[in-house]
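For reference, data38.cif (mmCIF, C-alpha atoms and all ligand atoms):
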```cif
data_work
loop_
_atom_site.group_PDB
_atom_site.id
_atom_site.type_symbol
_atom_site.label_atom_id
_atom_site.label_comp_id
_atom_site.auth_asym_id
_atom_site.auth_seq_id
_atom_site.Cartn_x
_atom_site.Cartn_y
_atom_site.Cartn_z
ATOM 1 C CA MET A 49 99.845 -1.072 -137.499
ATOM 2 C CA ASN A 50 96.512 -1.277 -135.824
ATOM 3 C CA ASP A 51 94.084 -0.541 -138.607
ATOM 4 C CA ALA A 52 91.467 -2.675 -140.302
ATOM 5 C CA THR A 53 93.655 -3.195 -143.350
ATOM 6 C CA SER A 54 96.182 -5.228 -141.383
ATOM 7 C CA PRO A 55 95.038 -8.868 -141.237
ATOM 8 C CA ALA A 56 97.547 -9.686 -138.479
ATOM 9 C CA THR A 57 95.939 -7.296 -136.001
ATOM 10 C CA PRO A 58 92.162 -7.616 -136.141
ATOM 11 C CA VAL A 59 90.189 -4.833 -134.481
ATOM 12 C CA ILE A 60 89.156 -5.797 -130.954
ATOM 13 C CA PRO A 61 85.378 -5.358 -130.534
ATOM 14 C CA ALA A 62 84.352 -2.728 -127.980
ATOM 15 C CA ALA A 63 82.954 -5.331 -125.539
ATOM 16 C CA TYR A 64 86.450 -6.755 -124.974
ATOM 17 C CA PHE A 65 89.875 -5.804 -123.797
ATOM 18 C CA GLY A 66 92.661 -7.223 -125.950
ATOM 19 C CA GLU A 67 95.296 -8.513 -123.523
ATOM 20 C CA ARG A 68 98.751 -9.996 -124.050
ATOM 21 C CA VAL A 69 99.525 -13.538 -122.908
ATOM 22 C CA THR A 70 102.424 -13.523 -120.413
ATOM 23 C CA TRP A 71 102.621 -17.199 -119.312
ATOM 24 C CA VAL A 72 101.263 -20.572 -120.382
ATOM 25 C CA HIS A 73 101.547 -23.808 -118.423
ATOM 26 C CA HIS A 74 100.317 -27.209 -119.607
ATOM 27 C CA TRP A 75 99.437 -29.439 -116.652
ATOM 28 C CA THR A 76 98.397 -32.437 -118.778
ATOM 29 C CA ASP A 77 97.157 -33.138 -122.291
ATOM 30 C CA ARG A 78 93.667 -32.148 -121.037
ATOM 31 C CA LEU A 79 94.419 -29.135 -118.851
ATOM 32 C CA PHE A 80 96.368 -25.879 -119.048
ATOM 33 C CA SER A 81 96.661 -22.459 -117.407
ATOM 34 C CA PHE A 82 97.533 -19.092 -118.879
ATOM 35 C CA ARG A 83 98.122 -15.586 -117.633
ATOM 36 C CA CYS A 84 97.685 -12.278 -119.434
ATOM 37 C CA THR A 85 97.981 -8.557 -118.836
ATOM 38 C CA ARG A 86 95.045 -6.855 -117.099
ATOM 39 C CA ASP A 87 93.512 -3.542 -118.103
ATOM 40 C CA ALA A 88 93.413 -1.100 -115.192
ATOM 41 C CA HIS A 89 89.658 -0.754 -115.775
ATOM 42 C CA PHE A 90 88.958 -4.478 -115.486
ATOM 43 C CA ARG A 91 87.505 -5.018 -112.006
ATOM 44 C CA PHE A 92 85.881 -8.190 -110.677
ATOM 45 C CA ARG A 93 84.803 -9.835 -107.455
ATOM 46 C CA ALA A 94 86.610 -13.046 -106.435
ATOM 47 C CA GLY A 95 84.642 -15.999 -107.838
ATOM 48 C CA GLU A 96 83.272 -14.224 -110.919
ATOM 49 C CA PHE A 97 83.678 -15.186 -114.572
ATOM 50 C CA ALA A 98 84.009 -13.248 -117.833
ATOM 51 C CA MET A 99 83.760 -14.055 -121.536
ATOM 52 C CA ILE A 100 87.270 -15.008 -122.664
ATOM 53 C CA GLY A 101 88.600 -16.055 -126.048
ATOM 54 C CA LEU A 102 90.234 -15.223 -129.322
ATOM 55 C CA MET A 103 89.601 -13.331 -132.514
ATOM 56 C CA VAL A 104 88.952 -15.916 -135.218
ATOM 57 C CA GLY A 105 89.112 -14.059 -138.487
ATOM 58 C CA ALA A 106 87.221 -10.860 -137.794
ATOM 59 C CA LYS A 107 84.980 -12.375 -135.124
ATOM 60 C CA PRO A 108 85.334 -12.983 -131.389
ATOM 61 C CA LEU A 109 85.079 -16.624 -130.294
ATOM 62 C CA VAL A 110 84.532 -16.595 -126.534
ATOM 63 C CA ARG A 111 83.351 -18.762 -123.631
ATOM 64 C CA ALA A 112 82.735 -18.105 -119.952
ATOM 65 C CA TYR A 113 85.882 -18.527 -117.845
ATOM 66 C CA SER A 114 86.257 -17.871 -114.142
ATOM 67 C CA MET A 115 89.135 -15.657 -113.130
ATOM 68 C CA ALA A 116 91.623 -17.920 -111.341
ATOM 69 C CA SER A 117 93.789 -15.033 -110.156
ATOM 70 C CA PRO A 118 93.114 -12.963 -107.044
ATOM 71 C CA THR A 119 91.426 -9.587 -107.424
ATOM 72 C CA TRP A 120 94.600 -7.814 -106.259
ATOM 73 C CA ASP A 121 96.851 -9.440 -108.886
ATOM 74 C CA GLU A 122 98.038 -7.076 -111.586
ATOM 75 C CA GLU A 123 97.618 -9.838 -114.178
ATOM 76 C CA LEU A 124 94.760 -12.254 -114.916
ATOM 77 C CA GLU A 125 94.945 -16.039 -114.856
ATOM 78 C CA PHE A 126 92.638 -18.715 -116.272
ATOM 79 C CA LEU A 127 92.413 -22.509 -116.105
ATOM 80 C CA SER A 128 91.162 -24.336 -119.189
ATOM 81 C CA ILE A 129 90.511 -27.785 -120.502
ATOM 82 C CA LYS A 130 91.709 -28.751 -123.993
ATOM 83 C CA VAL A 131 89.268 -30.438 -126.306
ATOM 84 C CA GLN A 132 90.809 -31.390 -129.626
ATOM 85 C CA ASP A 133 87.642 -30.639 -131.619
ATOM 86 C CA GLY A 134 86.352 -27.894 -129.306
ATOM 87 C CA PRO A 135 85.724 -24.660 -131.235
ATOM 88 C CA LEU A 136 87.574 -22.453 -128.728
ATOM 89 C CA THR A 137 89.866 -24.720 -126.705
ATOM 90 C CA SER A 138 91.289 -26.474 -129.776
ATOM 91 C CA ARG A 139 92.698 -23.041 -130.652
ATOM 92 C CA LEU A 140 93.257 -21.564 -127.209
ATOM 93 C CA GLN A 141 95.498 -24.457 -126.144
ATOM 94 C CA HIS A 142 98.060 -23.290 -128.721
ATOM 95 C CA ILE A 143 98.426 -19.708 -127.453
ATOM 96 C CA GLY A 144 101.892 -18.546 -126.557
ATOM 97 C CA VAL A 145 103.485 -15.605 -124.772
ATOM 98 C CA GLY A 146 102.838 -12.394 -126.707
ATOM 99 C CA ASP A 147 99.566 -13.549 -128.302
ATOM 100 C CA THR A 148 96.389 -11.520 -127.799
ATOM 101 C CA VAL A 149 93.385 -12.875 -125.885
ATOM 102 C CA LEU A 150 89.967 -11.272 -125.502
ATOM 103 C CA ILE A 151 88.719 -10.429 -122.028
ATOM 104 C CA GLY A 152 85.020 -9.500 -121.795
ATOM 105 C CA LYS A 153 84.510 -6.204 -120.007
ATOM 106 C CA LYS A 154 81.579 -7.371 -117.823
ATOM 107 C CA PRO A 155 82.491 -9.998 -115.259
ATOM 108 C CA THR A 156 79.608 -11.593 -113.365
ATOM 109 C CA GLY A 157 78.671 -14.733 -111.445
ATOM 110 C CA THR A 158 77.081 -16.227 -108.359
ATOM 111 C CA LEU A 159 80.137 -17.666 -106.548
ATOM 112 C CA VAL A 160 80.704 -14.525 -104.518
ATOM 113 C CA THR A 161 80.742 -14.193 -100.744
ATOM 114 C CA ASP A 162 77.921 -11.626 -100.818
ATOM 115 C CA ASN A 163 75.596 -14.422 -101.974
ATOM 116 C CA LEU A 164 76.195 -16.409 -98.795
ATOM 117 C CA ARG A 165 74.861 -15.716 -95.337
ATOM 118 C CA PRO A 166 77.457 -15.394 -92.579
ATOM 119 C CA GLY A 167 78.777 -18.760 -91.376
ATOM 120 C CA ARG A 168 81.658 -20.526 -89.702
ATOM 121 C CA THR A 169 83.211 -22.776 -92.377
ATOM 122 C CA LEU A 170 83.299 -22.085 -96.111
ATOM 123 C CA TRP A 171 83.461 -25.224 -98.269
ATOM 124 C CA LEU A 172 84.718 -24.665 -101.834
ATOM 125 C CA LEU A 173 83.942 -27.896 -103.717
ATOM 126 C CA ALA A 174 85.362 -28.280 -107.227
ATOM 127 C CA THR A 175 85.900 -30.896 -109.888
ATOM 128 C CA GLY A 176 88.318 -30.387 -112.792
ATOM 129 C CA THR A 177 88.553 -26.791 -114.019
ATOM 130 C CA GLY A 178 85.874 -25.883 -111.464
ATOM 131 C CA LEU A 179 88.831 -25.074 -109.223
ATOM 132 C CA ALA A 180 89.355 -21.760 -111.072
ATOM 133 C CA PRO A 181 87.039 -19.467 -109.072
ATOM 134 C CA PHE A 182 88.343 -20.965 -105.837
ATOM 135 C CA LEU A 183 91.925 -20.138 -106.803
ATOM 136 C CA SER A 184 90.754 -16.536 -106.675
ATOM 137 C CA LEU A 185 88.572 -16.800 -103.564
ATOM 138 C CA ALA A 186 91.275 -18.648 -101.591
ATOM 139 C CA ARG A 187 93.523 -15.598 -102.005
ATOM 140 C CA GLU A 188 90.901 -12.989 -101.099
ATOM 141 C CA PRO A 189 91.463 -11.441 -97.651
ATOM 142 C CA ASP A 190 87.717 -10.733 -97.296
ATOM 143 C CA VAL A 191 87.024 -14.491 -97.355
ATOM 144 C CA TYR A 192 89.187 -14.979 -94.265
ATOM 145 C CA ASP A 193 87.520 -12.061 -92.515
ATOM 146 C CA ARG A 194 84.143 -13.721 -93.033
ATOM 147 C CA PHE A 195 84.959 -17.358 -92.224
ATOM 148 C CA GLU A 196 86.890 -19.169 -89.509
ATOM 149 C CA THR A 197 87.837 -22.055 -91.799
ATOM 150 C CA VAL A 198 88.028 -22.282 -95.592
ATOM 151 C CA VAL A 199 88.169 -25.737 -97.204
ATOM 152 C CA VAL A 200 89.191 -26.169 -100.843
ATOM 153 C CA ALA A 201 88.215 -29.685 -101.977
ATOM 154 C CA HIS A 202 89.338 -30.555 -105.515
ATOM 155 C CA THR A 203 88.430 -33.847 -107.191
ATOM 156 C CA VAL A 204 90.122 -34.864 -110.439
ATOM 157 C CA ARG A 205 90.667 -38.032 -112.453
ATOM 158 C CA GLN A 206 94.480 -38.115 -112.293
ATOM 159 C CA VAL A 207 97.044 -36.788 -109.828
ATOM 160 C CA ALA A 208 98.609 -34.570 -112.529
ATOM 161 C CA GLU A 209 95.267 -32.741 -112.832
ATOM 162 C CA LEU A 210 95.575 -31.387 -109.284
ATOM 163 C CA ALA A 211 96.459 -27.996 -110.731
ATOM 164 C CA HIS A 212 98.118 -25.574 -108.320
ATOM 165 C CA ARG A 213 98.532 -28.227 -105.658
ATOM 166 C CA GLU A 214 101.789 -26.560 -104.548
ATOM 167 C CA LEU A 215 100.065 -23.227 -104.215
ATOM 168 C CA PHE A 216 97.767 -24.668 -101.556
ATOM 169 C CA GLU A 217 100.196 -27.063 -99.919
ATOM 170 C CA ARG A 218 103.346 -24.968 -99.934
ATOM 171 C CA ASP A 219 103.178 -21.396 -101.255
ATOM 172 C CA LEU A 220 100.026 -19.867 -99.773
ATOM 173 C CA PRO A 221 100.735 -20.681 -96.118
ATOM 174 C CA ARG A 222 104.150 -19.006 -96.619
ATOM 175 C CA HIS A 223 102.839 -16.097 -98.652
ATOM 176 C CA GLU A 224 104.325 -12.752 -97.683
ATOM 177 C CA PHE A 225 101.002 -10.981 -97.093
ATOM 178 C CA LEU A 226 98.382 -13.743 -96.874
ATOM 179 C CA GLY A 227 100.444 -16.421 -95.145
ATOM 180 C CA GLU A 228 99.520 -15.691 -91.573
ATOM 181 C CA MET A 229 95.808 -15.396 -92.302
ATOM 182 C CA VAL A 230 95.745 -18.446 -94.567
ATOM 183 C CA ALA A 231 97.922 -20.772 -92.492
ATOM 184 C CA GLY A 232 95.439 -21.023 -89.644
ATOM 185 C CA LYS A 233 92.302 -21.180 -91.775
ATOM 186 C CA LEU A 234 92.799 -22.719 -95.218
ATOM 187 C CA ARG A 235 92.451 -26.504 -95.579
ATOM 188 C CA TYR A 236 93.228 -28.122 -98.942
ATOM 189 C CA TYR A 237 91.596 -31.493 -99.632
ATOM 190 C CA PRO A 238 92.539 -33.060 -102.980
ATOM 191 C CA SER A 239 91.008 -36.331 -104.165
ATOM 192 C CA VAL A 240 91.619 -38.465 -107.229
ATOM 193 C CA THR A 241 89.221 -40.942 -108.834
ATOM 194 C CA ARG A 242 91.125 -42.857 -111.506
ATOM 195 C CA GLU A 243 94.602 -43.359 -110.054
ATOM 196 C CA PRO A 244 96.015 -44.411 -106.701
ATOM 197 C CA PHE A 245 96.199 -41.451 -104.300
ATOM 198 C CA ALA A 246 96.088 -40.842 -100.560
ATOM 199 C CA THR A 247 92.470 -39.717 -100.838
ATOM 200 C CA GLN A 248 90.532 -41.564 -103.484
ATOM 201 C CA GLY A 249 86.961 -41.033 -104.609
ATOM 202 C CA ARG A 250 84.489 -38.383 -105.658
ATOM 203 C CA ILE A 251 83.726 -35.504 -103.323
ATOM 204 C CA THR A 252 80.117 -36.677 -103.148
ATOM 205 C CA THR A 253 81.252 -40.076 -101.833
ATOM 206 C CA LEU A 254 83.713 -38.533 -99.381
ATOM 207 C CA ILE A 255 80.933 -36.360 -97.962
ATOM 208 C CA GLU A 256 78.331 -39.146 -97.861
ATOM 209 C CA ASN A 257 80.658 -41.588 -96.112
ATOM 210 C CA GLY A 258 81.996 -38.903 -93.778
ATOM 211 C CA ARG A 259 85.651 -39.442 -94.690
ATOM 212 C CA ILE A 260 86.314 -35.769 -95.468
ATOM 213 C CA PHE A 261 85.035 -34.682 -92.054
ATOM 214 C CA ALA A 262 87.083 -37.314 -90.255
ATOM 215 C CA ASP A 263 90.211 -36.395 -92.240
ATOM 216 C CA LEU A 264 89.821 -32.655 -91.607
ATOM 217 C CA GLY A 265 88.546 -32.965 -88.047
ATOM 218 C CA LEU A 266 85.487 -30.881 -88.888
ATOM 219 C CA PRO A 267 81.815 -31.546 -88.107
ATOM 220 C CA ALA A 268 79.567 -32.941 -90.867
ATOM 221 C CA LEU A 269 77.945 -30.331 -93.125
ATOM 222 C CA SER A 270 75.057 -28.445 -91.571
ATOM 223 C CA PRO A 271 73.257 -25.327 -92.819
ATOM 224 C CA GLU A 272 73.601 -23.806 -89.387
ATOM 225 C CA HIS A 273 77.366 -23.243 -89.553
ATOM 226 C CA ASP A 274 78.559 -24.267 -93.004
ATOM 227 C CA ARG A 275 78.436 -22.411 -96.297
ATOM 228 C CA VAL A 276 79.187 -24.130 -99.601
ATOM 229 C CA MET A 277 80.236 -23.057 -103.085
ATOM 230 C CA LEU A 278 80.011 -25.653 -105.865
ATOM 231 C CA CYS A 279 81.802 -25.513 -109.185
ATOM 232 C CA GLY A 280 82.074 -28.579 -111.352
ATOM 233 C CA SER A 281 80.493 -30.510 -114.171
ATOM 234 C CA GLU A 282 76.731 -30.509 -114.570
ATOM 235 C CA ALA A 283 76.539 -33.969 -113.000
ATOM 236 C CA MET A 284 78.714 -32.976 -110.038
ATOM 237 C CA ASN A 285 76.724 -29.819 -109.412
ATOM 238 C CA ARG A 286 73.431 -31.708 -109.635
ATOM 239 C CA ASP A 287 74.538 -34.450 -107.242
ATOM 240 C CA CYS A 288 76.048 -32.007 -104.741
ATOM 241 C CA LYS A 289 72.953 -29.778 -104.868
ATOM 242 C CA ALA A 290 70.711 -32.739 -104.108
ATOM 243 C CA MET A 291 72.968 -33.780 -101.248
ATOM 244 C CA LEU A 292 73.031 -30.275 -99.762
ATOM 245 C CA GLU A 293 69.298 -29.713 -100.120
ATOM 246 C CA ALA A 294 68.629 -33.040 -98.408
ATOM 247 C CA ARG A 295 70.603 -31.585 -95.495
ATOM 248 C CA GLY A 296 68.561 -28.378 -95.451
ATOM 249 C CA PHE A 297 70.836 -26.039 -97.405
ATOM 250 C CA GLU A 298 69.217 -23.279 -99.498
ATOM 251 C CA GLU A 299 70.625 -21.917 -102.743
ATOM 252 C CA GLY A 300 71.711 -18.285 -102.702
ATOM 253 C CA ALA A 301 71.719 -15.822 -105.584
ATOM 254 C CA ASN A 302 72.493 -12.179 -106.236
ATOM 255 C CA ASN A 303 70.433 -10.112 -103.779
ATOM 256 C CA ALA A 304 69.167 -13.281 -102.061
ATOM 257 C CA PRO A 305 71.999 -14.787 -99.983
ATOM 258 C CA GLY A 306 71.648 -18.444 -99.037
ATOM 259 C CA THR A 307 73.657 -21.238 -97.467
ATOM 260 C CA TYR A 308 75.124 -22.511 -100.745
ATOM 261 C CA VAL A 309 75.773 -21.234 -104.273
ATOM 262 C CA VAL A 310 76.577 -23.065 -107.473
ATOM 263 C CA GLU A 311 78.086 -22.424 -110.886
ATOM 264 C CA LYS A 312 78.982 -24.660 -113.784
ATOM 265 C CA ALA A 313 82.649 -25.065 -114.687
ATOM 266 C CA PHE A 314 81.588 -23.758 -118.036
ATOM 267 C CA VAL A 315 83.865 -24.603 -120.879
ATOM 268 C CA THR A 316 83.438 -28.118 -122.152
ATOM 269 C CA LYS A 317 84.539 -27.567 -125.773
HETATM 270 P P1 LIG A 401 85.039 -40.018 -112.068
HETATM 271 O O1 LIG A 401 86.446 -40.288 -112.464
HETATM 272 O O2 LIG A 401 84.497 -41.011 -111.097
HETATM 273 O O3 LIG A 401 84.118 -39.766 -113.220
HETATM 274 P P2 LIG A 401 85.931 -34.642 -115.475
HETATM 275 O O4 LIG A 401 87.412 -34.585 -115.770
HETATM 276 O O5 LIG A 401 85.178 -35.650 -116.263
HETATM 277 O O6 LIG A 401 85.285 -33.290 -115.471
HETATM 278 O O7 LIG A 401 85.825 -35.155 -113.974
HETATM 279 C C1 LIG A 401 86.504 -34.507 -112.926
HETATM 280 C C2 LIG A 401 86.240 -35.258 -111.660
HETATM 281 O O8 LIG A 401 84.854 -35.150 -111.303
HETATM 282 C C3 LIG A 401 86.526 -36.751 -111.793
HETATM 283 O O9 LIG A 401 87.305 -37.135 -110.689
HETATM 284 C C4 LIG A 401 85.146 -37.374 -111.770
HETATM 285 O O10 LIG A 401 85.087 -38.655 -111.187
HETATM 286 C C5 LIG A 401 84.379 -36.399 -110.912
HETATM 287 N N1 LIG A 401 82.929 -36.486 -111.126
HETATM 288 C C6 LIG A 401 82.273 -36.750 -112.272
HETATM 289 N N2 LIG A 401 80.950 -36.751 -112.086
HETATM 290 C C7 LIG A 401 80.743 -36.482 -110.781
HETATM 291 C C8 LIG A 401 79.581 -36.362 -109.965
HETATM 292 N N3 LIG A 401 78.353 -36.517 -110.464
HETATM 293 N N4 LIG A 401 79.752 -36.068 -108.664
HETATM 294 C C9 LIG A 401 80.989 -35.916 -108.152
HETATM 295 N N5 LIG A 401 82.122 -36.021 -108.867
HETATM 296 C C10 LIG A 401 82.007 -36.309 -110.162
#
```

For this file, produce the structure as structure tokens.
Ligand code: A2P
Amino acid sequence: MNDATSPATPVIPAAYFGERVTWVHHWTDRLFSFRCTRDAHFRFRAGEFAMIGLMVGAKPLVRAYSMASPTWDEELEFLSIKVQDGPLTSRLQHIGVGDTVLIGKKPTGTLVTDNLRPGRTLWLLATGTGLAPFLSLAREPDVYDRFETVVVAHTVRQVAELAHRELFERDLPRHEFLGEMVAGKLRYYPSVTREPFATQGRITTLIENGRIFADLGLPALSPEHDRVMLCGSEAMNRDCKAMLEARGFEEGANNAPGTYVVEKAFVTK
């Protein structure tokens, strides 16, 4: 039954696709991933976000979520925090396979390669769930056509929050179609701030003290050759922006490409 008289199947508003959850994975008590079916008409550019959520009663409850899956994947994937009193995530964290999620029909966003001028190295700097858009970009062939080196730097509080670590460290370099392209170009640089780990400290500190460049064997950030995408908390974005602008980087936007772009890792509730 799919009519308005059935309370179990609320009518999906026209602005959304109703998609079926196919997989849920809880990384920690603060972080989880889920996958869902993808409508054939849902198209996006790697790095974009859409309004995602649930029907609550007869109303959509949605927040901006970056697509974490590559554009060529037949399903969609998202990475979410869990906030016990958050209006959406307190509910979303309980979804299971077969449940319906809302996917907004108009993806958008600034973390797209068209918003960056050509360069040599692409730095994708994330904290927490800010990794999501980079999970998509790191699997986009166009990114490897445009850049010689692609660095994914992910800073989290605890080791267990390094979501998809195996994807970067093990699976992608061996990937059937992307492996060859990725293996020579993709560098994964995880760091942890509140537990012992091989690389400790915030990304801002690791850039300021030069450790990340020494570890990766790459030159320090310069607007001449480097391009940067930022996706983290408001504080992380603000601090990284200031650091980049002090080095002469200029923010890019749609129709005005620059040497860096930034987006909030949106959902905090
Ligand atoms: P820290 O543990 O020192 O606060 P959160 O889970 O709160 O979103 O944080 C994710 C990661 O981002 C944590 O490792 C945190 O470090 C780091 N972080 C928080 N604020 C900043 C900032 N202003 N610049 C860089 N990293 C930050």

Practice problem: Compile the contact shell of Arg165 (chain A) as a PyMOL selection string: residues with an atom at most 10 Å away, counting all atoms listed in the file, same-chain residues fewer than 5 positions apart removed. | Solution: chain A and resi 194+273-275+300+304-308

Please determine an axis-aligned box that encloses all atoms of ligand LIG 401 (chain A) listed in the file, with 8 Å added on each side, and express its centre and edge lengths in Å to one decimal as lines of an AutoDock Vina configuration file.
```
center_x = 82.9
center_y = -37.2
center_z = -112.2
size_x = 25.1
size_y = 23.7
size_z = 24.1
```

Quiz prompt | Shell of 12 Å around Ala290 (chain A), only C-alpha atoms, local chain residues under 3 positions omitted, as a PyMOL selection string | solution = chain A and resi 252+256+278+283-287+293-299+308+310

Those residues you just picked out, can you put them in a file as a JSON list (two decimals), in the frame of the given file with C-alpha atoms?
```json
[["chain", "number", "residue", "atom", "x", "y", "z"],
["A", 252, "THR", "CA", 80.12, -36.68, -103.15],
["A", 256, "GLU", "CA", 78.33, -39.15, -97.86],
["A", 278, "LEU", "CA", 80.01, -25.65, -105.86],
["A", 283, "ALA", "CA", 76.54, -33.97, -113.00],
["A", 284, "MET", "CA", 78.71, -32.98, -110.04],
["A", 285, "ASN", "CA", 76.72, -29.82, -109.41],
["A", 286, "ARG", "CA", 73.43, -31.71, -109.64],
["A", 287, "ASP", "CA", 74.54, -34.45, -107.24],
["A", 293, "GLU", "CA", 69.30, -29.71, -100.12],
["A", 294, "ALA", "CA", 68.63, -33.04, -98.41],
["A", 295, "ARG", "CA", 70.60, -31.58, -95.50],
["A", 296, "GLY", "CA", 68.56, -28.38, -95.45],
["A", 297, "PHE", "CA", 70.84, -26.04, -97.40],
["A", 298, "GLU", "CA", 69.22, -23.28, -99.50],
["A", 299, "GLU", "CA", 70.62, -21.92, -102.74],
["A", 308, "TYR", "CA", 75.12, -22.51, -100.74],
["A", 310, "VAL", "CA", 76.58, -23.06, -107.47]]
```

Quiz prompt | Nearby polymer residues, ligand LIG 401 (chain A), at most 6 Å, only C-alpha atoms and all ligand atoms, as number ranges by chain | solution = A: 175-176, 203-205, 240-242, 250-252, 281, 283-284, 287

Practice problem: Please provide as number ranges by chain all residues within 9 Å of region 84-91 of chain A, with the sequence filter that same-chain residues fewer than 3 positions apart are discarded (counting all atoms listed in the file). | Solution: A: 65-71, 119, 121-126, 145-146, 148-149, 151-155

Write the residues you've just listed into a file as a PDB file, in the frame of the given file, and include C-alpha atoms for each of them.
```
ATOM      1  CA  PHE A  65      89.875  -5.804-123.797  1.00  0.00           C
ATOM      2  CA  GLY A  66      92.661  -7.223-125.950  1.00  0.00           C
ATOM      3  CA  GLU A  67      95.296  -8.513-123.523  1.00  0.00           C
ATOM      4  CA  ARG A  68      98.751  -9.996-124.050  1.00  0.00           C
ATOM      5  CA  VAL A  69      99.525 -13.538-122.908  1.00  0.00           C
ATOM      6  CA  THR A  70     102.424 -13.523-120.413  1.00  0.00           C
ATOM      7  CA  TRP A  71     102.621 -17.199-119.312  1.00  0.00           C
ATOM      8  CA  THR A 119      91.426  -9.587-107.424  1.00  0.00           C
ATOM      9  CA  ASP A 121      96.851  -9.440-108.886  1.00  0.00           C
ATOM     10  CA  GLU A 122      98.038  -7.076-111.586  1.00  0.00           C
ATOM     11  CA  GLU A 123      97.618  -9.838-114.178  1.00  0.00           C
ATOM     12  CA  LEU A 124      94.760 -12.254-114.916  1.00  0.00           C
ATOM     13  CA  GLU A 125      94.945 -16.039-114.856  1.00  0.00           C
ATOM     14  CA  PHE A 126      92.638 -18.715-116.272  1.00  0.00           C
ATOM     15  CA  VAL A 145     103.485 -15.605-124.772  1.00  0.00           C
ATOM     16  CA  GLY A 146     102.838 -12.394-126.707  1.00  0.00           C
ATOM     17  CA  THR A 148      96.389 -11.520-127.799  1.00  0.00           C
ATOM     18  CA  VAL A 149      93.385 -12.875-125.885  1.00  0.00           C
ATOM     19  CA  ILE A 151      88.719 -10.429-122.028  1.00  0.00           C
ATOM     20  CA  GLY A 152      85.020  -9.500-121.795  1.00  0.00           C
ATOM     21  CA  LYS A 153      84.510  -6.204-120.007  1.00  0.00           C
ATOM     22  CA  LYS A 154      81.579  -7.371-117.823  1.00  0.00           C
ATOM     23  CA  PRO A 155      82.491  -9.998-115.259  1.00  0.00           C
TER      24      PRO A 155
END
```

Using N, CA, C and O atoms, give me region 247-257 of chain A from the structure I just pasted, as a CSV table (one decimal), in the first residue's frame.
```csv
chain,number,residue,atom,x,y,z
A,247,THR,N,51.0,8.9,14.0
A,247,THR,CA,51.0,10.3,13.7
A,247,THR,C,50.0,11.0,14.6
A,247,THR,O,48.8,10.8,14.5
A,248,GLN,N,50.5,11.7,15.6
A,248,GLN,CA,49.6,12.4,16.5
A,248,GLN,C,49.5,13.9,16.3
A,248,GLN,O,50.5,14.5,15.8
A,249,GLY,N,48.3,14.5,16.5
A,249,GLY,CA,48.2,15.9,16.4
A,249,GLY,C,47.2,16.3,15.3
A,249,GLY,O,46.8,15.6,14.5
A,250,ARG,N,46.8,17.6,15.5
A,250,ARG,CA,45.8,18.2,14.5
A,250,ARG,C,46.5,18.4,13.2
A,250,ARG,O,47.7,18.7,13.2
A,251,ILE,N,45.8,18.4,12.1
A,251,ILE,CA,46.3,18.7,10.8
A,251,ILE,C,47.0,20.1,10.8
A,251,ILE,O,48.0,20.3,10.1
A,252,THR,N,46.4,21.0,11.4
A,252,THR,CA,46.9,22.4,11.5
A,252,THR,C,48.4,22.4,12.1
A,252,THR,O,49.3,23.0,11.5
A,253,THR,N,48.5,21.6,13.1
A,253,THR,CA,49.9,21.5,13.8
A,253,THR,C,50.8,20.8,12.9
A,253,THR,O,52.0,21.2,12.7
A,254,LEU,N,50.4,19.7,12.2
A,254,LEU,CA,51.3,18.9,11.4
A,254,LEU,C,51.7,19.7,10.1
A,254,LEU,O,52.8,19.5,9.6
A,255,ILE,N,50.9,20.7,9.7
A,255,ILE,CA,51.3,21.5,8.6
A,255,ILE,C,52.2,22.6,9.1
A,255,ILE,O,53.3,22.9,8.5
A,256,GLU,N,51.8,23.3,10.2
A,256,GLU,CA,52.7,24.4,10.7
A,256,GLU,C,54.1,23.9,11.1
A,256,GLU,O,55.1,24.6,10.8
A,257,ASN,N,54.2,22.7,11.7
A,257,ASN,CA,55.5,22.2,12.1
A,257,ASN,C,56.2,21.4,11.0
A,257,ASN,O,57.4,21.0,11.2
```
